[in-house]
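Structure file data.pdb (PDB, C-alpha atoms and all ligand atoms) follows.
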ATOM      1  CA  MET A   1      27.743  65.387 -52.524  1.00  0.00           C
ATOM      2  CA  GLY A   2      26.161  62.785 -50.307  1.00  0.00           C
ATOM      3  CA  LYS A   3      27.072  59.467 -48.849  1.00  0.00           C
ATOM      4  CA  LEU A   4      25.285  56.208 -49.400  1.00  0.00           C
ATOM      5  CA  LYS A   5      26.060  52.782 -48.049  1.00  0.00           C
ATOM      6  CA  VAL A   6      25.630  50.291 -50.868  1.00  0.00           C
ATOM      7  CA  VAL A   7      25.461  46.569 -50.217  1.00  0.00           C
ATOM      8  CA  VAL A   8      25.499  43.822 -52.818  1.00  0.00           C
ATOM      9  CA  ASP A   9      24.299  40.443 -51.636  1.00  0.00           C
ATOM     10  CA  ARG A  10      26.613  38.177 -53.601  1.00  0.00           C
ATOM     11  CA  VAL A  11      24.631  35.088 -52.654  1.00  0.00           C
ATOM     12  CA  LEU A  12      21.439  36.492 -54.117  1.00  0.00           C
ATOM     13  CA  CYS A  13      23.154  38.062 -57.133  1.00  0.00           C
ATOM     14  CA  GLU A  14      22.609  35.969 -60.235  1.00  0.00           C
ATOM     15  CA  GLY A  15      24.837  37.995 -62.508  1.00  0.00           C
ATOM     16  CA  ILE A  16      22.099  39.136 -64.816  1.00  0.00           C
ATOM     17  CA  GLY A  17      23.830  42.478 -65.134  1.00  0.00           C
ATOM     18  CA  PRO A  18      21.453  45.402 -65.735  1.00  0.00           C
ATOM     19  CA  CYS A  19      22.755  47.089 -62.577  1.00  0.00           C
ATOM     20  CA  ALA A  20      26.174  47.550 -64.182  1.00  0.00           C
ATOM     21  CA  GLU A  21      24.652  49.395 -67.120  1.00  0.00           C
ATOM     22  CA  GLU A  22      23.279  52.107 -64.832  1.00  0.00           C
ATOM     23  CA  THR A  23      26.400  53.164 -62.950  1.00  0.00           C
ATOM     24  CA  LYS A  24      30.155  53.219 -63.310  1.00  0.00           C
ATOM     25  CA  TYR A  25      30.364  52.064 -59.688  1.00  0.00           C
ATOM     26  CA  ILE A  26      29.254  48.506 -60.429  1.00  0.00           C
ATOM     27  CA  GLU A  27      30.932  45.895 -62.599  1.00  0.00           C
ATOM     28  CA  LEU A  28      30.567  42.155 -62.874  1.00  0.00           C
ATOM     29  CA  ASP A  29      33.484  39.960 -61.861  1.00  0.00           C
ATOM     30  CA  ARG A  30      34.537  36.713 -63.565  1.00  0.00           C
ATOM     31  CA  ARG A  31      31.820  34.809 -61.726  1.00  0.00           C
ATOM     32  CA  HIS A  32      29.296  37.325 -63.007  1.00  0.00           C
ATOM     33  CA  LYS A  33      28.612  38.693 -59.555  1.00  0.00           C
ATOM     34  CA  ALA A  34      28.168  42.418 -59.116  1.00  0.00           C
ATOM     35  CA  VAL A  35      31.053  44.247 -57.460  1.00  0.00           C
ATOM     36  CA  ILE A  36      30.863  47.803 -56.179  1.00  0.00           C
ATOM     37  CA  LEU A  37      33.971  49.606 -57.355  1.00  0.00           C
ATOM     38  CA  GLU A  38      35.682  51.490 -54.565  1.00  0.00           C
ATOM     39  CA  PRO A  39      37.366  54.723 -55.675  1.00  0.00           C
ATOM     40  CA  GLY A  40      41.139  54.492 -55.315  1.00  0.00           C
ATOM     41  CA  LYS A  41      41.169  50.686 -55.106  1.00  0.00           C
ATOM     42  CA  ASP A  42      42.663  48.500 -57.797  1.00  0.00           C
ATOM     43  CA  LYS A  43      39.816  46.664 -59.515  1.00  0.00           C
ATOM     44  CA  GLU A  44      41.496  43.256 -59.773  1.00  0.00           C
ATOM     45  CA  LYS A  45      42.514  43.380 -56.089  1.00  0.00           C
ATOM     46  CA  LEU A  46      38.980  44.297 -55.152  1.00  0.00           C
ATOM     47  CA  PHE A  47      37.572  41.392 -57.191  1.00  0.00           C
ATOM     48  CA  GLU A  48      39.897  39.058 -55.250  1.00  0.00           C
ATOM     49  CA  GLU A  49      38.940  40.616 -51.917  1.00  0.00           C
ATOM     50  CA  VAL A  50      35.214  40.177 -52.426  1.00  0.00           C
ATOM     51  CA  ALA A  51      35.365  36.804 -54.204  1.00  0.00           C
ATOM     52  CA  GLU A  52      34.530  34.766 -51.099  1.00  0.00           C
ATOM     53  CA  LYS A  53      32.320  37.326 -49.379  1.00  0.00           C
ATOM     54  CA  ARG A  54      28.593  36.803 -49.039  1.00  0.00           C
ATOM     55  CA  LYS A  55      28.071  40.552 -49.018  1.00  0.00           C
ATOM     56  CA  GLN A  56      30.085  43.542 -50.120  1.00  0.00           C
ATOM     57  CA  GLU A  57      29.420  46.795 -48.281  1.00  0.00           C
ATOM     58  CA  VAL A  58      30.819  50.117 -49.424  1.00  0.00           C
ATOM     59  CA  ILE A  59      30.191  53.704 -48.369  1.00  0.00           C
ATOM     60  CA  LEU A  60      30.349  55.908 -51.446  1.00  0.00           C
ATOM     61  CA  ASP A  61      30.687  59.667 -51.587  1.00  0.00           C
ATOM     62  CA  LEU A  62      28.501  60.628 -54.528  1.00  0.00           C
ATOM     63  CA  THR A  63      27.274  63.578 -56.559  1.00  0.00           C
ATOM     64  CA  ILE A  64      23.507  63.941 -56.910  1.00  0.00           C
ATOM     65  CA  ASP A  65      23.663  62.424 -60.406  1.00  0.00           C
ATOM     66  CA  GLU A  66      25.735  59.501 -59.148  1.00  0.00           C
ATOM     67  CA  GLU A  67      23.258  58.936 -56.314  1.00  0.00           C
ATOM     68  CA  ASP A  68      20.487  58.711 -58.918  1.00  0.00           C
ATOM     69  CA  GLU A  69      22.578  56.195 -60.871  1.00  0.00           C
ATOM     70  CA  ILE A  70      23.008  54.003 -57.797  1.00  0.00           C
ATOM     71  CA  PHE A  71      19.261  54.007 -57.144  1.00  0.00           C
ATOM     72  CA  ARG A  72      18.594  53.189 -60.816  1.00  0.00           C
ATOM     73  CA  ALA A  73      21.109  50.333 -60.575  1.00  0.00           C
ATOM     74  CA  ALA A  74      19.388  48.925 -57.489  1.00  0.00           C
ATOM     75  CA  GLU A  75      15.972  49.303 -59.118  1.00  0.00           C
ATOM     76  CA  ALA A  76      17.246  47.548 -62.255  1.00  0.00           C
ATOM     77  CA  CYS A  77      18.148  44.414 -60.302  1.00  0.00           C
ATOM     78  CA  PRO A  78      15.337  41.920 -60.881  1.00  0.00           C
ATOM     79  CA  ILE A  79      16.057  40.006 -57.681  1.00  0.00           C
ATOM     80  CA  LYS A  80      16.732  43.013 -55.455  1.00  0.00           C
ATOM     81  CA  ALA A  81      20.260  42.008 -54.513  1.00  0.00           C
ATOM     82  CA  ILE A  82      21.365  45.636 -54.081  1.00  0.00           C
ATOM     83  CA  PHE A  83      20.525  47.450 -50.857  1.00  0.00           C
ATOM     84  CA  ILE A  84      21.012  51.136 -50.149  1.00  0.00           C
ATOM     85  CA  TYR A  85      21.273  52.687 -46.691  1.00  0.00           C
ATOM     86  CA  ASP A  86      21.846  56.102 -45.184  1.00  0.00           C
ATOM     87  CA  PRO A  87      25.273  55.497 -43.582  1.00  0.00           C
ATOM     88  CA  GLU A  88      24.614  57.997 -40.813  1.00  0.00           C
ATOM     89  CA  THR A  89      21.195  56.847 -39.615  1.00  0.00           C
ATOM     90  CA  GLY A  90      21.304  53.275 -40.876  1.00  0.00           C
ATOM     91  CA  GLU A  91      17.924  53.806 -42.504  1.00  0.00           C
ATOM     92  CA  GLN A  92      17.277  51.446 -45.396  1.00  0.00           C
ATOM     93  CA  LEU A  93      16.521  53.542 -48.465  1.00  0.00           C
ATOM     94  CA  TYR A  94      16.102  50.726 -50.986  1.00  0.00           C
ATOM     95  CA  PRO A  95      14.361  48.340 -51.471  1.00  0.00           C
TER      96      PRO A  95
HETATM   97  S1  LIG B 101      21.273  43.174 -61.548  1.00  0.00           S
HETATM   98 FE1  LIG B 101      21.211  42.152 -59.563  1.00  0.00          FE
HETATM   99  S2  LIG B 101      21.490  40.004 -60.047  1.00  0.00           S
HETATM  100 FE2  LIG B 101      22.153  41.171 -61.813  1.00  0.00          FE
HETATM  101  S3  LIG B 101      24.348  41.462 -61.538  1.00  0.00           S
HETATM  102 FE3  LIG B 101      23.318  43.233 -60.685  1.00  0.00          FE
HETATM  103  S4  LIG B 101      23.065  42.748 -58.505  1.00  0.00           S
HETATM  104 FE4  LIG B 101      23.492  40.842 -59.570  1.00  0.00          FE
END
Show me the file's structure as C-alpha cells.
Ligand code: SF4
Amino acid sequence: MGKLKVVVDRVLCEGIGPCAEETKYIELDRRHKAVILEPGKDKEKLFEEVAEKRKQEVILDLTIDEEDEIFRAAEACPIKAIFIYDPETGEQLYP
C-alpha cells in the first residue's frame, strides 16, 4: 500500500472521460467533470461538495495495482488536468 495525493483541476477538465475508464477512483459528475471518489464518502454528497471547487485534492491509500491505475488515468487525460504528488514530500510525480 502507498499513498498518493491526486488533484483534479476542474477548471481545466473538459469532461472527455478516458481517465474514468482507467480507475474506479474517478467518475464524471453531471457536468462531466472528473471527480476523485473518496473511500467511505457518499458519491452524491461528494459531487455536491466539489461542484463549485476549482480543484479537488484527495490523498488515497492505494495498492500497487491501484497506484498504476491512477497513473494510467492521469496519462490518459489529453489536457493533463490530473496531477499526482507524493503526499509526504510534496514532490510532483505527474505530469
Ligand atoms: S480525461 Fe481529463 S479532461 Fe477528461 S474527464 Fe478526465 S480529467 Fe477531465
Which residues match the PyMOL selection byres (((not hetatm)) within 7 of (chain B and resi 101)) in the file above, as a list in words? Val8, Leu12, Cys13, Glu14, Gly15, Ile16, Gly17, Pro18, Cys19, Ala20, Leu28, His32, Lys33, Ala34, Ala76, Cys77, Pro78, Ile79, Lys80, Ala81 and Ile82 of chain A
Do you know which residues are at most 8 Å from stretch 54-58 of chain A counting all atoms listed in the file, after dropping those on the same chain fewer than 4 positions away, and could you put them as a list in words? Lys5, Val6, Val7, Val8, Asp9, Arg10, Val11, Val35, Ile36, Glu38 and Val50 of chain A
Residues from last step as file, C-alpha atoms, as a JSON list (two decimals), in the frame of the given file:
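Produced file out-v3.json, reproduced below:
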[["chain", "number", "residue", "atom", "x", "y", "z"],
["A", 5, "LYS", "CA", 26.06, 52.78, -48.05],
["A", 6, "VAL", "CA", 25.63, 50.29, -50.87],
["A", 7, "VAL", "CA", 25.46, 46.57, -50.22],
["A", 8, "VAL", "CA", 25.50, 43.82, -52.82],
["A", 9, "ASP", "CA", 24.30, 40.44, -51.64],
["A", 10, "ARG", "CA", 26.61, 38.18, -53.60],
["A", 11, "VAL", "CA", 24.63, 35.09, -52.65],
["A", 35, "VAL", "CA", 31.05, 44.25, -57.46],
["A", 36, "ILE", "CA", 30.86, 47.80, -56.18],
["A", 38, "GLU", "CA", 35.68, 51.49, -54.56],
["A", 50, "VAL", "CA", 35.21, 40.18, -52.43]]
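Compared by their closest atoms to A:Glu75, and using all atoms listed in the file, the residues A:Glu21, A:Thr63, A:Glu52, A:Arg30 rank with A:Glu21 nearest.
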Closest of A:Gly2, A:Pro95, A:Pro87, A:Pro39 to A:Asp68, counting all atoms listed in the file, is A:Gly2
When you draw a straight line from atom CA of A:Lys53 to atom CA of A:Thr23, how long is it in Å?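 Taking atom CA of A:Lys53 as the start and atom CA of A:Thr23 as the end point, the length is 21.7 Å.
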From atom CA of A:Leu37 to atom CA of A:Ile59 the spacing works out at 10.6 Å
